[in-house]
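What's in final.txt: compact mmCIF, C-alpha atoms
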```txt
# COMPACT_ATOMS: atom_id res chain seq x y z
CA MET A 1 34.79 16.03 -6.69
CA LEU A 2 35.51 12.48 -7.74
CA THR A 3 33.37 11.21 -4.85
CA ILE A 4 30.42 13.39 -5.88
CA LEU A 5 30.77 12.23 -9.50
CA LEU A 6 30.97 8.61 -8.39
CA MET A 7 27.93 8.97 -6.11
CA SER A 8 25.83 10.65 -8.81
CA THR A 9 26.83 7.91 -11.27
CA ILE A 10 25.76 5.22 -8.78
CA VAL A 11 22.45 6.99 -8.11
CA ALA A 12 21.80 7.31 -11.87
CA TYR A 13 22.63 3.62 -12.33
CA MET A 14 20.27 2.61 -9.52
CA LYS A 15 17.51 4.70 -11.05
CA THR A 16 17.89 2.97 -14.43
CA LEU A 17 17.68 -0.40 -12.72
CA GLU A 18 14.71 0.78 -10.63
CA ILE A 19 16.28 -0.74 -7.56
CA LYS A 20 13.90 -0.27 -4.67
CA ASP A 21 14.80 -0.02 -1.04
CA PRO A 22 14.14 -3.47 0.43
CA HIS A 23 13.58 -1.84 3.83
CA ASN A 24 10.95 0.57 2.56
CA PRO A 25 7.65 -0.66 4.05
CA THR A 26 5.57 1.09 1.39
CA ASP A 27 7.07 -1.04 -1.38
CA GLY A 28 7.33 -4.09 0.85
CA LEU A 29 3.70 -4.09 1.94
CA ALA A 30 2.50 -3.43 -1.62
CA ALA A 31 4.52 -6.47 -2.68
CA VAL A 32 2.89 -8.60 0.04
CA VAL A 33 -0.59 -7.70 -1.27
CA ALA A 34 0.43 -8.43 -4.87
CA LEU A 35 2.07 -11.72 -3.89
CA ARG A 36 -1.08 -12.83 -2.05
CA ARG A 37 -3.14 -12.09 -5.15
CA LEU A 38 -0.62 -13.88 -7.36
CA ALA A 39 -0.67 -16.90 -5.04
CA ASP A 40 -4.50 -16.97 -4.98
CA LEU A 41 -4.71 -16.82 -8.79
CA LEU A 42 -1.99 -19.43 -9.28
CA GLU A 43 -3.49 -21.77 -6.68
CA ALA A 44 -6.96 -21.73 -8.25
CA ALA A 45 -5.55 -22.28 -11.74
CA GLN A 46 -3.21 -25.07 -10.66
CA VAL A 47 -5.83 -26.87 -8.55
CA GLU A 48 -8.16 -26.77 -11.55
CA SER A 49 -5.41 -28.06 -13.82
CA ALA A 50 -4.58 -30.91 -11.41
CA LEU A 51 -8.25 -31.89 -11.07
CA ARG A 52 -8.66 -31.95 -14.84
CA GLU A 53 -5.63 -34.26 -15.03
CA GLY A 54 -7.29 -36.62 -12.58
CA TRP A 55 -5.39 -35.80 -9.38
CA SER A 56 -7.22 -36.71 -6.18
CA TRP A 57 -8.04 -34.15 -3.51
CA SER A 58 -5.53 -35.88 -1.24
CA ASP A 59 -2.72 -35.56 -3.79
CA ILE A 60 -3.48 -31.87 -4.36
CA ALA A 61 -3.68 -31.25 -0.61
CA GLU A 62 -0.34 -32.91 -0.03
CA ALA A 63 1.28 -30.93 -2.84
CA LEU A 64 -0.06 -27.70 -1.34
CA GLY A 65 0.85 -28.68 2.20
CA VAL A 66 -2.70 -28.39 3.49
CA THR A 67 -5.34 -30.90 4.60
CA ARG A 68 -7.60 -32.67 2.14
CA GLN A 69 -10.58 -31.13 3.92
CA ALA A 70 -9.20 -27.63 3.46
CA VAL A 71 -8.66 -27.93 -0.28
CA HIS A 72 -11.94 -29.81 -0.76
CA LYS A 73 -13.92 -27.18 1.16
CA LYS A 74 -12.33 -24.39 -0.84
CA TYR A 75 -12.67 -25.84 -4.35
CA ALA A 76 -15.14 -28.77 -4.51
CA LYS A 77 -18.25 -26.70 -5.28
CA ARG A 78 -16.34 -24.48 -7.68
CA ALA A 79 -14.96 -27.50 -9.53
CA ALA A 80 -18.43 -29.04 -9.78
CA ALA A 81 -19.83 -25.75 -11.10
CA ALA A 82 -17.12 -25.79 -13.79
CA GLY A 83 -18.15 -29.34 -14.75
CA ILE A 84 -14.92 -30.93 -13.54
CA LYS A 85 -15.31 -34.55 -12.55
CA THR A 86 -13.26 -35.21 -9.43
CA ARG A 87 -11.87 -38.48 -8.07
CA ARG A 88 -13.18 -39.89 -4.84
CA ARG A 89 -10.86 -41.22 -2.14
CA ASP A 90 -11.37 -44.77 -3.42
CA GLY A 91 -10.11 -43.63 -6.84
CA LYS A 92 -13.51 -43.76 -8.54
CA VAL A 93 -14.65 -40.79 -10.59
CA MET B 94 -38.25 7.89 3.10
CA ALA B 95 -37.76 8.32 -0.62
CA LYS B 96 -34.26 9.66 0.03
CA PHE B 97 -33.49 6.64 2.21
CA ASP B 98 -34.75 4.27 -0.49
CA ASP B 99 -32.72 6.10 -3.14
CA SER B 100 -29.61 5.88 -0.98
CA ARG B 101 -30.15 2.21 -0.29
CA GLN B 102 -30.64 1.48 -3.98
CA THR B 103 -27.47 3.37 -4.89
CA VAL B 104 -25.39 1.41 -2.38
CA HIS B 105 -27.03 -1.85 -3.42
CA LYS B 106 -26.29 -1.25 -7.12
CA ILE B 107 -22.66 -0.30 -6.47
CA LEU B 108 -22.08 -3.32 -4.23
CA ALA B 109 -23.75 -5.68 -6.70
CA GLN B 110 -21.54 -4.37 -9.51
CA ALA B 111 -18.45 -4.52 -7.26
CA ARG B 112 -19.20 -8.20 -6.57
CA THR B 113 -19.44 -8.79 -10.32
CA GLU B 114 -16.09 -7.05 -10.81
CA ALA B 115 -14.43 -9.09 -8.05
CA ARG B 116 -15.84 -12.35 -9.42
CA GLY B 117 -14.64 -11.47 -12.92
CA LEU B 118 -11.12 -10.91 -11.63
CA GLY B 119 -11.11 -14.17 -9.67
CA SER B 120 -11.13 -12.46 -6.29
CA PRO B 121 -12.90 -14.23 -3.42
CA ARG B 122 -13.49 -10.87 -1.68
CA VAL B 123 -14.69 -7.43 -2.70
CA GLU B 124 -11.80 -4.98 -2.35
CA ALA B 125 -11.76 -1.18 -2.68
CA GLU B 126 -10.47 -1.49 -6.27
CA HIS B 127 -13.61 -3.46 -7.17
CA LEU B 128 -15.70 -0.58 -5.84
CA LEU B 129 -13.76 1.80 -8.08
CA LEU B 130 -14.25 -0.50 -11.09
CA ALA B 131 -17.96 -0.71 -10.24
CA LEU B 132 -18.26 3.08 -10.13
CA ALA B 133 -16.55 3.30 -13.52
CA ALA B 134 -18.86 0.63 -14.96
CA LEU B 135 -22.03 2.33 -13.69
CA ILE B 136 -21.85 5.15 -16.20
CA HIS B 137 -25.41 6.31 -15.56
CA MET B 138 -24.40 7.35 -12.04
CA PRO B 139 -22.67 10.68 -11.31
CA ALA B 140 -19.40 9.01 -10.19
CA GLY B 141 -19.21 7.00 -13.42
CA GLN B 142 -19.84 10.14 -15.44
CA LEU B 143 -17.13 12.05 -13.58
CA LEU B 144 -14.61 9.23 -14.05
CA ALA B 145 -15.48 8.95 -17.75
CA ALA B 146 -15.13 12.72 -18.21
CA GLU B 147 -11.61 12.41 -16.76
CA GLY B 148 -10.77 9.61 -19.18
CA LEU B 149 -10.96 7.02 -16.42
CA ASN B 150 -13.23 4.45 -17.93
CA HIS B 151 -13.41 0.84 -16.80
CA ASP B 152 -10.62 -0.33 -19.14
CA VAL B 153 -8.25 2.45 -18.11
CA ILE B 154 -8.75 1.59 -14.43
CA LEU B 155 -8.22 -2.11 -15.14
CA LYS B 156 -4.93 -1.28 -16.88
CA ALA B 157 -3.88 0.94 -13.97
CA LEU B 158 -4.58 -1.95 -11.56
CA ASP B 159 -2.55 -4.33 -13.72
CA LEU B 160 0.32 -1.85 -13.75
CA GLU B 161 0.15 -1.48 -9.95
CA PHE B 162 0.20 -5.29 -9.60
CA GLU B 163 3.28 -5.62 -11.79
CA ARG B 164 5.10 -2.74 -10.09
CA SER B 165 4.34 -4.06 -6.63
CA LEU B 166 5.82 -7.42 -7.57
CA GLU B 167 8.85 -5.68 -9.05
CA GLY B 168 9.36 -4.20 -5.57
CA VAL B 169 10.59 -7.63 -4.51
CA ASN B 170 12.32 -8.30 -7.82
CA ILE B 171 9.58 -10.43 -9.37
CA HIS B 172 9.14 -9.46 -13.00
CA LEU B 173 6.11 -10.76 -14.85
CA ASN B 174 7.53 -9.54 -18.17
CA GLY B 175 4.31 -10.29 -19.99
CA PHE B 176 4.03 -13.70 -18.32
CA PHE B 177 0.54 -14.97 -19.02
CA LEU B 178 -1.07 -15.74 -15.70
CA PRO B 179 -3.15 -18.90 -15.94
CA GLU B 180 -6.79 -18.23 -15.20
CA SER B 181 -9.13 -20.60 -13.46
CA LYS B 182 -12.43 -21.35 -15.15
CA MET B 183 -13.90 -22.43 -11.84
CA PRO B 184 -16.49 -19.80 -10.93
CA ILE B 185 -16.40 -18.09 -7.56
CA LEU B 186 -19.66 -19.04 -5.89
CA GLY B 187 -21.82 -17.53 -3.20
CA GLU B 188 -22.08 -14.02 -1.88
CA LEU B 189 -18.65 -12.41 -1.86
CA ARG B 190 -17.68 -10.82 1.43
CA LEU B 191 -16.39 -7.32 1.74
CA ALA B 192 -12.67 -7.11 2.44
CA GLN B 193 -11.38 -4.56 4.93
CA SER B 194 -10.35 -2.16 2.15
CA ALA B 195 -13.94 -2.06 0.85
CA LYS B 196 -15.41 -1.72 4.35
CA LEU B 197 -13.10 1.23 5.03
CA ALA B 198 -14.08 2.84 1.72
CA ILE B 199 -17.76 2.57 2.67
CA VAL B 200 -17.10 4.03 6.13
CA ARG B 201 -15.17 6.92 4.54
CA ALA B 202 -17.95 7.42 2.00
CA ASN B 203 -20.51 7.79 4.74
CA LYS B 204 -18.20 10.12 6.68
CA ALA B 205 -17.93 12.28 3.57
CA ARG B 206 -21.73 12.38 3.29
CA VAL B 207 -22.23 13.22 6.98
CA SER B 208 -19.51 15.89 7.05
CA ARG B 209 -21.12 17.60 4.04
CA ARG B 210 -24.57 17.20 5.61
CA ASP B 211 -25.84 15.58 2.43
CA HIS B 212 -29.06 13.72 3.12
CA ARG B 213 -28.91 11.33 0.19
CA PHE B 214 -26.07 8.87 -0.39
CA ASP B 215 -24.66 9.45 -3.86
CA SER B 216 -22.20 7.41 -5.93
CA LEU B 217 -19.88 10.42 -5.59
CA HIS B 218 -19.72 9.80 -1.83
CA MET B 219 -18.60 6.26 -2.58
CA LEU B 220 -16.00 7.61 -5.00
CA LEU B 221 -14.73 9.92 -2.25
CA GLY B 222 -14.60 6.95 0.13
CA VAL B 223 -12.47 5.00 -2.33
CA LEU B 224 -10.23 7.95 -3.24
CA ASN B 225 -9.68 9.08 0.36
CA ALA B 226 -7.56 6.02 1.17
CA GLU B 227 -3.97 7.14 1.66
CA SER B 228 -2.48 3.70 1.10
CA GLY B 229 -3.48 0.49 -0.57
CA VAL B 230 -4.02 -0.77 -4.09
CA VAL B 231 -6.22 2.10 -5.32
CA PRO B 232 -3.90 5.03 -4.51
CA ARG B 233 -0.92 3.05 -5.81
CA ALA B 234 -2.76 2.23 -9.05
CA LEU B 235 -3.68 5.87 -9.56
CA ILE B 236 -0.06 6.93 -9.02
CA ALA B 237 1.16 4.19 -11.39
CA ALA B 238 -1.22 5.46 -14.08
CA GLY B 239 -0.24 9.10 -13.47
CA ILE B 240 -3.69 10.08 -12.20
CA ASP B 241 -3.99 13.01 -9.81
CA ARG B 242 -6.01 11.60 -6.90
CA ALA B 243 -6.28 14.95 -5.12
CA ALA B 244 -7.69 16.61 -8.26
CA LEU B 245 -10.26 13.82 -8.60
CA ILE B 246 -11.34 14.34 -4.98
CA THR B 247 -11.74 18.08 -5.62
CA GLN B 248 -13.85 17.36 -8.70
CA ALA B 249 -16.03 14.86 -6.85
CA LEU B 250 -16.66 17.44 -4.12
CA ALA B 251 -17.46 20.09 -6.72
CA ALA B 252 -19.89 17.73 -8.45
CA LEU B 253 -21.64 17.10 -5.12
CA ASP B 254 -21.86 20.87 -4.55
CA ARG B 255 -23.47 21.32 -7.95
CA ALA B 256 -25.95 18.54 -7.28
CA ALA B 257 -26.91 19.93 -3.84
```
As structure tokens, what does this structure read like?
Amino acid sequence: MLTILLMSTIVAYMKTLEIKDPHNPTDGLAAVVALRRLADLLEAAQVESALREGWSWSDIAEALGVTRQAVHKKYAKRAAAAGIKTRRRDGKV
Amino acid sequence: MAKFDDSRQTVHKILAQARTEARGLGSPRVEAEHLLLALAALIHMPAGQLLAAEGLNHDVILKALDLEFERSLEGVNIHLNGFFLPESKMPILGELRLAQSAKLAIVRANKARVSRRDHRFDSLHMLLGVLNAESGVVPRALIAAGIDRAALITQALAALDRAA
């Protein structure tokens, strides 16, 4: 009886905390999709912020752990369309 | 030929609106949820009218998608708690590609049309294509918002029957 009571209390507690099963692929895969979207949104916003503060493409690339070419290809035209003046490799604007 | 042109125009309008939705949300690809938002935005089309009649206007669907996003992150113990996500002002340029979720929705939409032997492609077929996904962002968003996906599918089929 005590075991049943204890188990039901634990289940009720878990429900209030909305603890999800970390091994449940439904929740896990949904989280992967949401995290990708979160990362995409954060990356675009932070790259823009860095460019506006005068960071070079090389500095941004190094911070992101990607090549300068990769970050430049992904954001250069978008930055220009937003009117952001970017620094060249020689430091000139 | 007129039916073919009508069908092509319907698909073209939905895809154009879906690209606008994706761009507005900062997505580099058109996903199935952008097709659903497009259908809700195109209120002159039968799918938009059905969604509106069920109280699923564009804003309601956007909120459902936000809720799904937050809940999915909570699945790995990340809580946004009203955290204001910074938004980039850099526009997304060029023609947005269709992501796999959108491609599958279009394939399912056409399957729905063929299986019903409907000659013309209607926005309701596209709605069926989006709603017939068993997993992914759209079904999760509908569950999160307490929307009965099966009932919506039944209503879309009934609307197609009436239009036939």
Find the residues around B:Gln193 up to 9 Å (all atoms listed in the file counted), leave out those fewer than 5 positions away in its own chain, and share them as a ChimeraX atom specification. /B:123-125,198
For a quick test of understanding: name the residues of chain A lying within 9 Å of chain B when counting only C-alpha atoms, and present them as an NGL selection string. :A and (18-22 or 26-35 or 37-38 or 40-49 or 75 or 77-84)
Straight-line distance linking atom CA of B:Ile240 with atom CA of B:Arg116, stated in Å to one decimal: 25.7 Å
Between atom CA of B:Asn225 and atom CA of B:Leu253, measure the distance and give it in Å to one decimal.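 These two atoms are separated by 15.4 Å.
Here atom CA of B:Leu189 stands at a distance of 22.6 Å from atom CA of B:Gly141.
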When distances are computed from all atoms listed in the file, which of A:Lys74, A:Arg68, A:Lys85, A:His23 shows the smallest separation from A:Arg52?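 Checking each candidate against A:Arg52, we get A:Lys85 as the closest.
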With distances taken over all atoms listed in the file, which residue among A:Gly54, A:Ala61, A:Arg36, A:Gln69 lies nearest A:Thr86?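 Looking at the shortest contact to A:Thr86, the residue is A:Gly54.
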Of the residues B:Ala237, B:Leu108, B:Val200, B:Leu220, which is the one nearest to B:Ala133, using all atoms listed in the file?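 Selected residue with least distance to B:Ala133: B:Leu220.
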For stretch 228-255 of chain B, which lacks atoms in the input, supply N, CA and C atoms and format the output as an mmCIF file, keeping the file's coordinate frame.
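Final output, saved to result34.cif:
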```cif
data_model
loop_
_atom_site.group_PDB
_atom_site.id
_atom_site.type_symbol
_atom_site.label_atom_id
_atom_site.label_comp_id
_atom_site.auth_asym_id
_atom_site.auth_seq_id
_atom_site.Cartn_x
_atom_site.Cartn_y
_atom_site.Cartn_z
ATOM 1 N N SER B 228 -3.343 4.798 1.550
ATOM 2 C CA SER B 228 -2.480 3.700 1.100
ATOM 3 C C SER B 228 -3.353 2.533 0.667
ATOM 4 N N GLY B 229 -2.734 1.632 -0.046
ATOM 5 C CA GLY B 229 -3.480 0.490 -0.570
ATOM 6 C C GLY B 229 -3.401 0.440 -2.086
ATOM 7 N N VAL B 230 -4.107 -0.522 -2.650
ATOM 8 C CA VAL B 230 -4.020 -0.770 -4.090
ATOM 9 C C VAL B 230 -4.506 0.428 -4.912
ATOM 10 N N VAL B 231 -5.643 1.019 -4.508
ATOM 11 C CA VAL B 231 -6.220 2.100 -5.320
ATOM 12 C C VAL B 231 -5.285 3.313 -5.451
ATOM 13 N N PRO B 232 -4.803 3.882 -4.335
ATOM 14 C CA PRO B 232 -3.900 5.030 -4.510
ATOM 15 C C PRO B 232 -2.623 4.672 -5.283
ATOM 16 N N ARG B 233 -2.130 3.451 -5.067
ATOM 17 C CA ARG B 233 -0.920 3.050 -5.810
ATOM 18 C C ARG B 233 -1.220 2.924 -7.298
ATOM 19 N N ALA B 234 -2.383 2.383 -7.634
ATOM 20 C CA ALA B 234 -2.760 2.230 -9.050
ATOM 21 C C ALA B 234 -2.903 3.593 -9.723
ATOM 22 N N LEU B 235 -3.490 4.538 -8.988
ATOM 23 C CA LEU B 235 -3.680 5.870 -9.560
ATOM 24 C C LEU B 235 -2.330 6.547 -9.794
ATOM 25 N N ILE B 236 -1.410 6.368 -8.845
ATOM 26 C CA ILE B 236 -0.060 6.930 -9.020
ATOM 27 C C ILE B 236 0.615 6.260 -10.225
ATOM 28 N N ALA B 237 0.511 4.933 -10.284
ATOM 29 C CA ALA B 237 1.160 4.190 -11.390
ATOM 30 C C ALA B 237 0.645 4.668 -12.742
ATOM 31 N N ALA B 238 -0.631 5.036 -12.799
ATOM 32 C CA ALA B 238 -1.220 5.460 -14.080
ATOM 33 C C ALA B 238 -1.105 6.976 -14.280
ATOM 34 N N GLY B 239 -0.444 7.651 -13.340
ATOM 35 C CA GLY B 239 -0.240 9.100 -13.470
ATOM 36 C C GLY B 239 -1.512 9.901 -13.282
ATOM 37 N N ILE B 240 -2.405 9.399 -12.441
ATOM 38 C CA ILE B 240 -3.690 10.080 -12.200
ATOM 39 C C ILE B 240 -3.598 10.872 -10.892
ATOM 40 N N ASP B 241 -4.038 12.109 -10.956
ATOM 41 C CA ASP B 241 -3.990 13.010 -9.810
ATOM 42 C C ASP B 241 -5.184 12.735 -8.883
ATOM 43 N N ARG B 242 -4.927 12.002 -7.821
ATOM 44 C CA ARG B 242 -6.010 11.600 -6.900
ATOM 45 C C ARG B 242 -6.634 12.820 -6.224
ATOM 46 N N ALA B 243 -5.785 13.759 -5.815
ATOM 47 C CA ALA B 243 -6.280 14.950 -5.120
ATOM 48 C C ALA B 243 -7.221 15.760 -6.027
ATOM 49 N N ALA B 244 -6.852 15.857 -7.313
ATOM 50 C CA ALA B 244 -7.690 16.610 -8.260
ATOM 51 C C ALA B 244 -9.034 15.912 -8.444
ATOM 52 N N LEU B 245 -9.001 14.581 -8.464
ATOM 53 C CA LEU B 245 -10.260 13.820 -8.600
ATOM 54 C C LEU B 245 -11.169 14.053 -7.397
ATOM 55 N N ILE B 246 -10.564 14.089 -6.208
ATOM 56 C CA ILE B 246 -11.340 14.340 -4.980
ATOM 57 C C ILE B 246 -11.989 15.717 -5.061
ATOM 58 N N THR B 247 -11.213 16.713 -5.495
ATOM 59 C CA THR B 247 -11.740 18.080 -5.620
ATOM 60 C C THR B 247 -12.924 18.104 -6.591
ATOM 61 N N GLN B 248 -12.775 17.362 -7.701
ATOM 62 C CA GLN B 248 -13.850 17.360 -8.700
ATOM 63 C C GLN B 248 -15.100 16.642 -8.188
ATOM 64 N N ALA B 249 -14.881 15.579 -7.419
ATOM 65 C CA ALA B 249 -16.030 14.860 -6.850
ATOM 66 C C ALA B 249 -16.782 15.759 -5.872
ATOM 67 N N LEU B 250 -16.034 16.512 -5.059
ATOM 68 C CA LEU B 250 -16.660 17.440 -4.120
ATOM 69 C C LEU B 250 -17.421 18.539 -4.848
ATOM 70 N N ALA B 251 -16.809 19.034 -5.930
ATOM 71 C CA ALA B 251 -17.460 20.090 -6.720
ATOM 72 C C ALA B 251 -18.741 19.568 -7.361
ATOM 73 N N ALA B 252 -18.702 18.331 -7.814
ATOM 74 C CA ALA B 252 -19.890 17.730 -8.450
ATOM 75 C C ALA B 252 -21.013 17.572 -7.416
ATOM 76 N N LEU B 253 -20.638 17.214 -6.188
ATOM 77 C CA LEU B 253 -21.640 17.100 -5.120
ATOM 78 C C LEU B 253 -22.231 18.477 -4.791
ATOM 79 N N ASP B 254 -21.376 19.490 -4.805
ATOM 80 C CA ASP B 254 -21.860 20.870 -4.550
ATOM 81 C C ASP B 254 -22.875 21.293 -5.605
ATOM 82 N N ARG B 255 -22.550 20.942 -6.850
ATOM 83 C CA ARG B 255 -23.470 21.320 -7.950
ATOM 84 C C ARG B 255 -24.811 20.606 -7.816
#
```
